[in-house]
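Text of upload_31.txt, listed as compact mmCIF, C-alpha atoms and all ligand atoms:
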# COMPACT_ATOMS: atom_id res chain seq x y z
CA MET A 193 109.51 67.70 88.64
CA SER A 194 106.29 69.03 87.07
CA ALA A 195 106.44 71.83 84.48
CA ALA A 196 105.61 75.35 85.65
CA PRO A 197 101.95 76.19 84.90
CA PRO A 198 101.18 78.25 81.77
CA ILE A 199 100.89 82.02 81.98
CA HIS A 200 98.03 83.67 80.07
CA LEU A 201 98.96 87.05 78.63
CA VAL A 202 96.27 89.58 77.75
CA GLU A 203 97.68 91.98 75.17
CA VAL A 204 96.24 95.44 75.89
CA GLY A 205 98.52 97.55 73.66
CA PRO A 206 95.96 98.35 70.93
CA ARG A 207 93.60 99.73 73.61
CA ASP A 208 95.59 100.86 76.66
CA GLY A 209 98.58 101.78 74.52
CA LEU A 210 96.90 103.68 71.74
CA GLN A 211 94.29 105.47 73.88
CA ASN A 212 97.11 107.57 75.32
CA GLU A 213 98.88 108.55 72.11
CA PRO A 214 98.70 112.26 71.35
CA ALA A 215 99.15 111.49 67.66
CA ASN A 216 96.11 109.96 66.03
CA VAL A 217 97.29 106.55 64.89
CA PRO A 218 95.67 105.75 61.51
CA THR A 219 93.23 102.84 61.41
CA ASP A 220 95.50 101.01 58.93
CA ILE A 221 98.33 100.97 61.47
CA LYS A 222 96.03 99.78 64.26
CA VAL A 223 94.75 96.93 62.08
CA ALA A 224 98.30 95.96 61.10
CA PHE A 225 99.32 96.04 64.78
CA VAL A 226 96.44 93.78 65.88
CA ASP A 227 97.08 91.39 62.97
CA ALA A 228 100.77 91.19 63.89
CA LEU A 229 99.81 90.46 67.51
CA SER A 230 97.36 87.76 66.36
CA ALA A 231 100.25 86.05 64.57
CA SER A 232 102.55 86.21 67.60
CA GLY A 233 101.07 83.32 69.58
CA LEU A 234 99.11 85.53 72.02
CA THR A 235 95.57 84.27 72.61
CA GLU A 236 93.80 87.36 73.94
CA ILE A 237 93.93 90.90 72.57
CA GLU A 238 92.11 94.01 73.78
CA VAL A 239 91.53 95.60 70.39
CA SER A 240 89.91 98.94 71.22
CA SER A 241 87.25 100.57 73.36
CA PHE A 242 83.66 101.62 72.76
CA VAL A 243 83.79 104.61 75.09
CA SER A 244 82.64 108.11 74.27
CA PRO A 245 84.70 109.44 71.32
CA LYS A 246 84.54 112.84 73.03
CA TRP A 247 86.47 111.38 75.95
CA VAL A 248 88.92 109.22 73.99
CA PRO A 249 89.06 110.41 70.37
CA GLN A 250 92.09 108.19 69.75
CA LEU A 251 89.83 105.10 69.69
CA ALA A 252 86.83 106.56 67.86
CA ASP A 253 87.46 104.09 65.02
CA ALA A 254 86.80 100.99 67.18
CA GLU A 255 84.08 99.68 64.83
CA GLU A 256 86.31 99.95 61.79
CA VAL A 257 89.26 98.31 63.51
CA PHE A 258 87.09 95.35 64.58
CA HIS A 259 85.64 95.12 61.08
CA ARG A 260 89.03 95.04 59.37
CA ILE A 261 91.21 92.83 61.60
CA ARG A 262 91.86 89.24 60.53
CA ARG A 263 90.53 87.09 63.35
CA MET A 264 92.72 84.14 64.16
CA PRO A 265 90.95 81.01 65.45
CA GLY A 266 91.72 80.52 69.14
CA VAL A 267 92.30 84.22 69.79
CA THR A 268 89.84 86.19 71.95
CA TYR A 269 89.24 89.75 70.74
CA MET A 270 88.10 91.94 73.64
CA ALA A 271 86.97 95.58 73.94
CA LEU A 272 86.40 98.03 76.76
CA VAL A 273 82.83 99.28 77.31
CA PRO A 274 81.70 101.87 79.87
CA ASN A 275 77.92 101.55 79.58
CA GLU A 276 75.00 100.02 77.65
CA GLN A 277 75.65 102.28 74.66
CA GLY A 278 79.17 100.90 74.51
CA LEU A 279 77.87 97.35 74.82
CA GLU A 280 75.51 97.80 71.86
CA ARG A 281 78.38 99.08 69.72
CA ALA A 282 80.61 96.21 70.88
CA GLN A 283 77.94 93.62 70.10
CA ALA A 284 77.43 95.04 66.61
CA ALA A 285 81.20 94.70 66.14
CA ARG A 286 81.04 91.03 67.26
CA VAL A 287 83.49 91.23 70.14
CA ASP A 288 84.35 87.96 71.91
CA LYS A 289 84.57 89.51 75.37
CA VAL A 290 83.86 92.90 76.93
CA ALA A 291 85.57 94.70 79.79
CA VAL A 292 83.85 97.13 82.12
CA PHE A 293 85.99 99.45 84.21
CA THR A 294 85.75 101.16 87.56
CA ALA A 295 88.22 102.14 90.27
CA ALA A 296 89.09 101.74 93.91
CA SER A 297 89.38 105.52 94.25
CA GLU A 298 86.30 107.76 94.10
CA THR A 299 88.18 110.72 92.64
CA PHE A 300 89.71 108.67 89.85
CA SER A 301 86.35 107.09 89.05
CA ARG A 302 84.83 110.55 88.59
CA LYS A 303 87.72 111.85 86.51
CA ASN A 304 87.73 108.78 84.27
CA THR A 305 84.01 108.07 83.89
CA ASN A 306 82.15 111.09 85.30
CA ALA A 307 80.55 108.80 87.88
CA SER A 308 81.06 107.56 91.43
CA ILE A 309 82.13 103.95 91.96
CA ALA A 310 78.56 103.08 92.98
CA GLU A 311 77.20 104.73 89.82
CA THR A 312 79.62 102.79 87.61
CA LEU A 313 78.47 99.56 89.23
CA GLU A 314 74.83 100.50 88.52
CA ARG A 315 75.76 101.16 84.87
CA PHE A 316 77.40 97.74 84.65
CA LYS A 317 74.34 95.77 85.80
CA PRO A 318 72.58 95.78 82.41
CA VAL A 319 75.91 95.43 80.60
CA VAL A 320 76.81 92.23 82.45
CA ALA A 321 73.25 90.92 82.22
CA ARG A 322 73.00 91.46 78.44
CA ALA A 323 76.60 90.93 77.33
CA GLY A 324 76.21 87.31 76.20
CA VAL A 325 80.01 87.00 76.26
CA PRO A 326 82.49 86.84 79.16
CA VAL A 327 82.84 90.14 81.03
CA ARG A 328 86.11 91.31 82.55
CA GLY A 329 85.92 93.91 85.34
CA TYR A 330 88.87 96.28 85.68
CA ILE A 331 89.64 97.95 89.01
CA SER A 332 91.93 100.92 88.47
CA THR A 333 94.05 102.69 91.10
CA ALA A 334 94.15 99.50 93.17
CA PHE A 335 97.38 100.55 94.91
CA HIS A 336 97.74 104.27 94.44
CA CYS A 337 95.55 107.05 93.07
CA PRO A 338 97.10 110.10 91.39
CA PHE A 339 94.56 112.28 93.25
CA GLU A 340 93.98 110.48 96.59
CA GLY A 341 97.34 108.79 97.25
CA PRO A 342 97.68 105.27 98.68
CA ILE A 343 94.62 103.02 98.46
CA ALA A 344 93.81 100.52 101.22
CA PRO A 345 93.37 96.88 100.12
CA GLU A 346 89.93 96.92 101.81
CA GLN A 347 88.70 99.44 99.23
CA VAL A 348 89.81 97.16 96.41
CA LEU A 349 88.24 94.13 98.06
CA LEU A 350 84.86 95.88 98.30
CA VAL A 351 84.87 96.72 94.58
CA ALA A 352 86.16 93.25 93.64
CA GLU A 353 83.37 91.54 95.52
CA ALA A 354 80.77 93.88 94.00
CA LEU A 355 82.00 93.07 90.46
CA LEU A 356 81.93 89.34 91.15
CA VAL A 357 78.39 89.61 92.53
CA LEU A 358 77.35 91.46 89.35
CA GLY A 359 78.59 88.48 87.34
CA CYS A 360 81.97 89.54 86.01
CA THR A 361 83.79 86.42 84.90
CA GLU A 362 87.25 87.89 85.53
CA LEU A 363 88.81 90.75 87.48
CA SER A 364 91.83 92.76 86.36
CA ILE A 365 93.60 94.66 89.10
CA GLY A 366 95.24 97.86 87.88
CA ASP A 367 98.36 99.55 89.20
CA THR A 368 97.33 102.48 87.04
CA ILE A 369 100.29 104.75 87.76
CA GLY A 370 102.88 102.06 88.39
CA ARG A 371 103.65 102.79 92.02
CA ALA A 372 103.03 99.37 93.60
CA THR A 373 105.92 97.72 95.42
CA ARG A 374 106.54 94.00 95.72
CA ALA A 375 105.30 94.03 99.35
CA GLN A 376 102.10 95.87 98.38
CA THR A 377 101.54 93.46 95.49
CA LEU A 378 101.85 90.45 97.80
CA ARG A 379 99.58 92.05 100.41
CA LEU A 380 96.78 92.89 97.95
CA PHE A 381 96.84 89.72 95.82
CA GLU A 382 96.88 87.50 98.91
CA ARG A 383 93.61 89.16 99.96
CA LEU A 384 92.12 89.02 96.46
CA LEU A 385 92.92 85.34 96.01
CA ALA A 386 90.82 84.63 99.09
CA VAL A 387 87.71 85.99 97.29
CA CYS A 388 88.48 85.31 93.62
CA PRO A 389 89.90 82.10 92.10
CA ALA A 390 93.29 82.50 90.40
CA ASP A 391 91.87 81.50 87.01
CA ARG A 392 89.61 84.59 87.17
CA LEU A 393 92.15 87.10 88.48
CA ALA A 394 94.46 89.20 86.29
CA ALA A 395 97.23 91.63 87.23
CA HIS A 396 97.58 94.85 85.23
CA PHE A 397 100.84 96.63 85.97
CA HIS A 398 102.06 99.88 84.52
CA ASP A 399 105.82 100.31 84.61
CA THR A 400 106.46 103.88 85.76
CA PHE A 401 109.24 103.01 88.19
CA GLY A 402 110.56 99.83 86.59
CA GLN A 403 108.91 97.65 89.24
CA ALA A 404 106.32 95.94 87.08
CA VAL A 405 108.26 92.75 86.32
CA ASP A 406 109.14 92.28 90.00
CA ASN A 407 105.52 92.82 90.89
CA ALA A 408 104.37 90.30 88.27
CA LEU A 409 106.82 87.74 89.67
CA ALA A 410 105.48 88.43 93.16
CA ALA A 411 101.87 87.95 92.06
CA GLU A 412 102.84 84.77 90.20
CA SER A 413 104.44 83.38 93.35
CA LEU A 414 101.00 83.53 94.96
CA GLY A 415 99.32 81.72 92.05
CA VAL A 416 98.27 84.56 89.72
CA ARG A 417 98.51 83.30 86.14
CA ILE A 418 96.86 86.04 84.04
CA PHE A 419 98.84 89.20 83.22
CA ASP A 420 97.99 92.21 81.09
CA ALA A 421 100.79 93.69 79.04
CA SER A 422 101.40 95.81 76.01
CA ALA A 423 103.75 95.06 73.14
CA GLY A 424 106.54 97.59 73.03
CA GLY A 425 105.52 98.80 76.51
CA ILE A 426 103.27 101.49 75.06
CA GLY A 427 100.34 102.76 77.09
CA GLY A 428 98.74 104.85 79.79
CA CYS A 429 95.45 106.38 80.82
CA PRO A 430 94.66 109.92 79.59
CA TYR A 431 92.73 110.58 82.82
CA ALA A 432 95.54 109.43 85.16
CA PRO A 433 98.42 111.90 85.24
CA GLY A 434 101.64 109.90 85.56
CA ALA A 435 100.35 106.69 83.94
CA PRO A 436 102.96 105.77 81.36
CA GLY A 437 103.44 102.48 79.57
CA ASN A 438 102.05 99.14 80.53
CA ILE A 439 104.50 96.42 81.38
CA ALA A 440 105.97 95.30 78.04
CA THR A 441 104.63 91.98 76.77
CA GLU A 442 108.18 91.16 75.67
CA ALA A 443 109.38 91.59 79.28
CA LEU A 444 106.78 89.15 80.61
CA VAL A 445 107.55 86.61 77.89
CA ALA A 446 111.19 86.79 79.02
CA ALA A 447 110.26 86.66 82.72
CA PHE A 448 108.20 83.48 82.23
CA PRO A 449 110.27 81.53 79.68
CA GLY A 450 108.41 78.82 77.82
CA ARG A 451 105.17 79.50 79.70
CA THR A 452 103.31 82.11 77.63
CA GLY A 453 103.00 80.47 74.20
CA ALA A 454 104.20 83.69 72.53
CA TYR A 455 106.78 83.62 69.72
CA PRO A 456 109.36 86.22 70.84
CA GLY A 457 110.47 87.12 67.28
CA LYS A 458 106.93 87.72 66.01
CA LEU A 459 106.01 89.61 69.16
CA ALA A 460 109.08 91.82 68.82
CA ALA A 461 108.03 92.55 65.23
CA ALA A 462 104.55 93.66 66.41
CA GLY A 463 106.06 95.87 69.14
CA GLU A 464 108.56 97.30 66.67
CA LEU A 465 105.79 98.10 64.15
CA ILE A 466 103.87 100.27 66.63
CA ARG A 467 106.91 101.80 68.34
CA ARG A 468 108.38 102.81 64.99
CA TYR A 469 105.13 104.48 63.98
CA ILE A 470 104.84 106.36 67.30
CA ALA A 471 108.49 107.45 67.23
CA ALA A 472 108.08 108.81 63.69
CA THR A 473 105.09 111.03 64.57
P1 LIG B 1 79.39 111.30 80.15
O1 LIG B 1 79.78 112.52 79.39
O2 LIG B 1 79.08 111.44 81.61
O3 LIG B 1 78.25 110.46 79.43
O4 LIG B 1 80.56 110.25 79.98
P2 LIG B 1 76.80 110.72 78.98
O5 LIG B 1 76.06 109.44 79.17
O6 LIG B 1 76.27 111.98 79.60
O7 LIG B 1 76.98 110.98 77.40
C1 LIG B 1 77.61 112.12 76.88
C2 LIG B 1 77.79 111.95 75.38
O8 LIG B 1 78.65 110.83 75.11
C3 LIG B 1 76.48 111.66 74.64
O9 LIG B 1 76.63 112.19 73.34
C4 LIG B 1 76.48 110.15 74.54
O10 LIG B 1 75.73 109.68 73.44
C5 LIG B 1 77.95 109.85 74.33
P3 LIG B 1 75.97 113.61 72.93
O11 LIG B 1 74.50 113.47 73.25
O12 LIG B 1 76.66 114.63 73.82
O13 LIG B 1 76.31 113.73 71.48
N1 LIG B 1 78.31 108.50 74.79
C6 LIG B 1 78.86 107.57 74.00
N2 LIG B 1 79.19 107.58 72.69
C7 LIG B 1 79.71 106.43 72.19
N3 LIG B 1 79.93 105.31 72.94
C8 LIG B 1 79.60 105.28 74.24
C9 LIG B 1 79.05 106.44 74.82
N4 LIG B 1 78.61 106.74 76.06
C10 LIG B 1 78.17 108.00 76.03
N5 LIG B 1 79.83 104.17 74.96
C11 LIG B 1 81.44 108.01 79.86
C12 LIG B 1 80.54 108.97 80.60
C13 LIG B 1 81.66 106.79 80.74
C14 LIG B 1 80.75 107.63 78.54
C15 LIG B 1 82.79 108.73 79.58
O14 LIG B 1 83.28 109.21 80.79
C16 LIG B 1 83.82 107.86 78.95
O15 LIG B 1 83.65 107.42 77.81
N6 LIG B 1 84.93 107.58 79.67
C17 LIG B 1 85.97 106.69 79.17
C18 LIG B 1 87.30 107.10 79.70
C19 LIG B 1 88.33 106.10 79.26
O16 LIG B 1 88.18 105.39 78.27
N7 LIG B 1 89.45 106.01 80.04
C20 LIG B 1 90.50 105.10 79.73
C21 LIG B 1 90.14 103.67 79.94
S1 LIG B 1 90.29 103.11 81.63
C22 LIG B 1 91.99 102.76 81.83
O17 LIG B 1 92.77 103.06 80.96
C23 LIG B 1 92.44 102.00 83.03
C24 LIG B 1 92.76 100.53 82.74
O18 LIG B 1 93.76 100.40 81.76
C25 LIG B 1 93.23 99.82 84.02
C26 LIG B 1 94.34 100.58 84.77
O19 LIG B 1 95.41 100.82 84.20
O20 LIG B 1 94.07 100.94 85.91
C27 LIG B 1 91.51 99.79 82.23
MG MG B 2 95.91 100.52 82.13

Any chance you could give the structure as structure tokens?
Ligand code: HMG
Ligand code: MG
Amino acid sequence: MSAAPPIHLVEVGPRDGLQNEPANVPTDIKVAFVDALSASGLTEIEVSSFVSPKWVPQLADAEEVFHRIRRMPGVTYMALVPNEQGLERAQAARVDKVAVFTAASETFSRKNTNASIAETLERFKPVVARAGVPVRGYISTAFHCPFEGPIAPEQVLLVAEALLVLGCTELSIGDTIGRATRAQTLRLFERLLAVCPADRLAAHFHDTFGQAVDNALAAESLGVRIFDASAGGIGGCPYAPGAPGNIATEALVAAFPGRTGAYPGKLAAAGELIRRYIAAT
């Protein structure tokens, strides 16, 4: 019997987790968190975002965090960028990979980026063209929008194809408010896998209703191998009411035993470090 294929985890806690914290987490703690994650066997970490500090003040120290982390060979350090201004900042900080982000819902796109979906795609053209590093494209509200309700798979497919045409090297499909069911996960990822190879397709589940692990297992059964997660299950989007924590990295490591390359003890220590800080503030 052949071994089950490896699962690639993308740790998004330092970005998706900390962007939603009401307390301003000091740069020292962020750096310690990323360094602990780098030591935990994970090979990709979304460190911060170069968005407008007026929109997300929690991550206004992105440059300093990138400057101070200890980069581990073999680990990819990624950051979110919304536009060319963000790309320039990310390049100066020597990121290994950037992530642009749009949505399958028009209302959410406007609330999150002050732009329609079409306008976000226009903004991404020069970003993808000039990035010089791999570019991930996030699609938020791929199942359910906090403002518009259920989202049809066709809407997600249109955005996915547009991002691939632009030149995104990877798509990450977001269940932003954690409402997807197993059946909806199977229905959407089956369609996505017909237009995007599995090695370029990530699943990004939030865990509002405790369904995220089931949904990850469902996506994996179709061939999805890349999963976003956040140590300690921290996270959420400040512009999506009802978006709590991401699926916990620890939960995915347990769900895919021996397949993620993460050291559970070291990962637990990283999750503990950030959870303890948040609980104390
Ligand atoms: P805007 O206000 O329309 O932008 O925001 P603007 O171009 O008019 O600029 C306004 C001001 O922001 C200007 O400064 C710009 O210089 C500045 P001023 O002249 O007023 O002093 N600015 C910037 N500063 C630094 N870096 C930049 C930057 N861009 C503009 N990159 C914008 C448009 C997209 C910038 C804004 O809406 C924004 O930053 N939004 C980010 C919101 C965000 O980060 N949301 C959370 C991440 S997405 C998410 O969590 C979902 C995900 O996890 C997947 C899922 O779960 O679904 C990925
Ligand atoms: Mg998210």

Which residues sit within 6 Å of ligand LIG 1 (chain B), counting all atoms listed in the file, listed as a list in words?
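Residues satisfying the distance criterion: Asp208, Phe242, Val243, Ser244, Pro245, Trp247, Val248, Pro274, Asn275, Gln277, Gly278, Phe293, Asn304, Thr305, Asn306, Tyr330, Ser332, Thr333, Gly366, Asp367, Thr368 and Cys429 of chain A.
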
List as an NGL selection string: which residues have an atom within 10 Å of (97.2, 91.9, 60.5), counting only C-alpha atoms?
:A and (220-231 or 260-264 or 462)

Residues as selected, C-alpha atoms, written as a PDB file, in the coordinates of the input, can you do that?
ATOM      1  CA  ASP A 220      95.500 101.010  58.930  1.00  0.00           C
ATOM      2  CA  ILE A 221      98.330 100.970  61.470  1.00  0.00           C
ATOM      3  CA  LYS A 222      96.030  99.780  64.260  1.00  0.00           C
ATOM      4  CA  VAL A 223      94.750  96.930  62.080  1.00  0.00           C
ATOM      5  CA  ALA A 224      98.300  95.960  61.100  1.00  0.00           C
ATOM      6  CA  PHE A 225      99.320  96.040  64.780  1.00  0.00           C
ATOM      7  CA  VAL A 226      96.440  93.780  65.880  1.00  0.00           C
ATOM      8  CA  ASP A 227      97.080  91.390  62.970  1.00  0.00           C
ATOM      9  CA  ALA A 228     100.770  91.190  63.890  1.00  0.00           C
ATOM     10  CA  LEU A 229      99.810  90.460  67.510  1.00  0.00           C
ATOM     11  CA  SER A 230      97.360  87.760  66.360  1.00  0.00           C
ATOM     12  CA  ALA A 231     100.250  86.050  64.570  1.00  0.00           C
ATOM     13  CA  ARG A 260      89.030  95.040  59.370  1.00  0.00           C
ATOM     14  CA  ILE A 261      91.210  92.830  61.600  1.00  0.00           C
ATOM     15  CA  ARG A 262      91.860  89.240  60.530  1.00  0.00           C
ATOM     16  CA  ARG A 263      90.530  87.090  63.350  1.00  0.00           C
ATOM     17  CA  MET A 264      92.720  84.140  64.160  1.00  0.00           C
ATOM     18  CA  ALA A 462     104.550  93.660  66.410  1.00  0.00           C
TER      19      ALA A 462
END

Using all atoms listed in the file, determine which residues fall within 10 Å of ligand MG 2 (chain B), then list them as a PyMOL selection string.
chain A and resi 204-205+207-209+211-212+330-333+364-370+396-398+420-422+427-430+432+435-439

Determine, counting all atoms listed in the file, which protein, DNA and RNA residues have an atom within 10 Å of an atom of Glu276 of chain A; residues of the same chain fewer than 2 positions away are not included. Present the result as JSON, numbers by chain.
{"A": [273, 274, 278, 279, 280, 281, 282, 315, 316, 317, 318, 319, 320, 322, 323]}

Residue subset to file, keeping C-alpha atoms, as a PDB file, keeping the file's coordinate frame:
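The new file result37.pdb reads:
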ATOM      1  CA  VAL A 273      82.830  99.280  77.310  1.00  0.00           C
ATOM      2  CA  PRO A 274      81.700 101.870  79.870  1.00  0.00           C
ATOM      3  CA  GLY A 278      79.170 100.900  74.510  1.00  0.00           C
ATOM      4  CA  LEU A 279      77.870  97.350  74.820  1.00  0.00           C
ATOM      5  CA  GLU A 280      75.510  97.800  71.860  1.00  0.00           C
ATOM      6  CA  ARG A 281      78.380  99.080  69.720  1.00  0.00           C
ATOM      7  CA  ALA A 282      80.610  96.210  70.880  1.00  0.00           C
ATOM      8  CA  ARG A 315      75.760 101.160  84.870  1.00  0.00           C
ATOM      9  CA  PHE A 316      77.400  97.740  84.650  1.00  0.00           C
ATOM     10  CA  LYS A 317      74.340  95.770  85.800  1.00  0.00           C
ATOM     11  CA  PRO A 318      72.580  95.780  82.410  1.00  0.00           C
ATOM     12  CA  VAL A 319      75.910  95.430  80.600  1.00  0.00           C
ATOM     13  CA  VAL A 320      76.810  92.230  82.450  1.00  0.00           C
ATOM     14  CA  ARG A 322      73.000  91.460  78.440  1.00  0.00           C
ATOM     15  CA  ALA A 323      76.600  90.930  77.330  1.00  0.00           C
TER      16      ALA A 323
END

Counting only C-alpha atoms, figure out which residue out of A:Ala404, A:Val327, A:Leu409, A:Ala344 gets nearest to Arg392 of chain A.
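Among A:Ala404, A:Val327, A:Leu409, A:Ala344, it is A:Val327 that comes nearest to Arg392 of chain A.
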
Considering all atoms listed in the file, state which residue in the set A:Ala295, A:Ala390, A:Glu314, A:Ala395 is at the smallest distance from Gln347 of chain A.
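Nearest candidate to Gln347 of chain A out of A:Ala295, A:Ala390, A:Glu314, A:Ala395: A:Ala295.
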
Minimum-distance residue to Ser241 of chain A, chosen among A:Val267, A:Leu272, A:Asn216, A:Leu385 (using only C-alpha atoms):
A:Leu272

Please, which residues are within 7 Å of (97.7, 87.9, 95.4) by the file's coordinates, counting all atoms listed in the file, and could they come as a PyMOL selection string?
chain A and resi 377-385+411+414+416

Those residues with C-alpha atoms, as a short mmCIF file (atom, residue, chain, number, x, y, z; two decimals), keeping the file's coordinate frame please?
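The result, written out as result-v7.cif:
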data_model
loop_
_atom_site.label_atom_id
_atom_site.label_comp_id
_atom_site.auth_asym_id
_atom_site.auth_seq_id
_atom_site.Cartn_x
_atom_site.Cartn_y
_atom_site.Cartn_z
CA THR A 377 101.54 93.46 95.49
CA LEU A 378 101.85 90.45 97.80
CA ARG A 379 99.58 92.05 100.41
CA LEU A 380 96.78 92.89 97.95
CA PHE A 381 96.84 89.72 95.82
CA GLU A 382 96.88 87.50 98.91
CA ARG A 383 93.61 89.16 99.96
CA LEU A 384 92.12 89.02 96.46
CA LEU A 385 92.92 85.34 96.01
CA ALA A 411 101.87 87.95 92.06
CA LEU A 414 101.00 83.53 94.96
CA VAL A 416 98.27 84.56 89.72
#
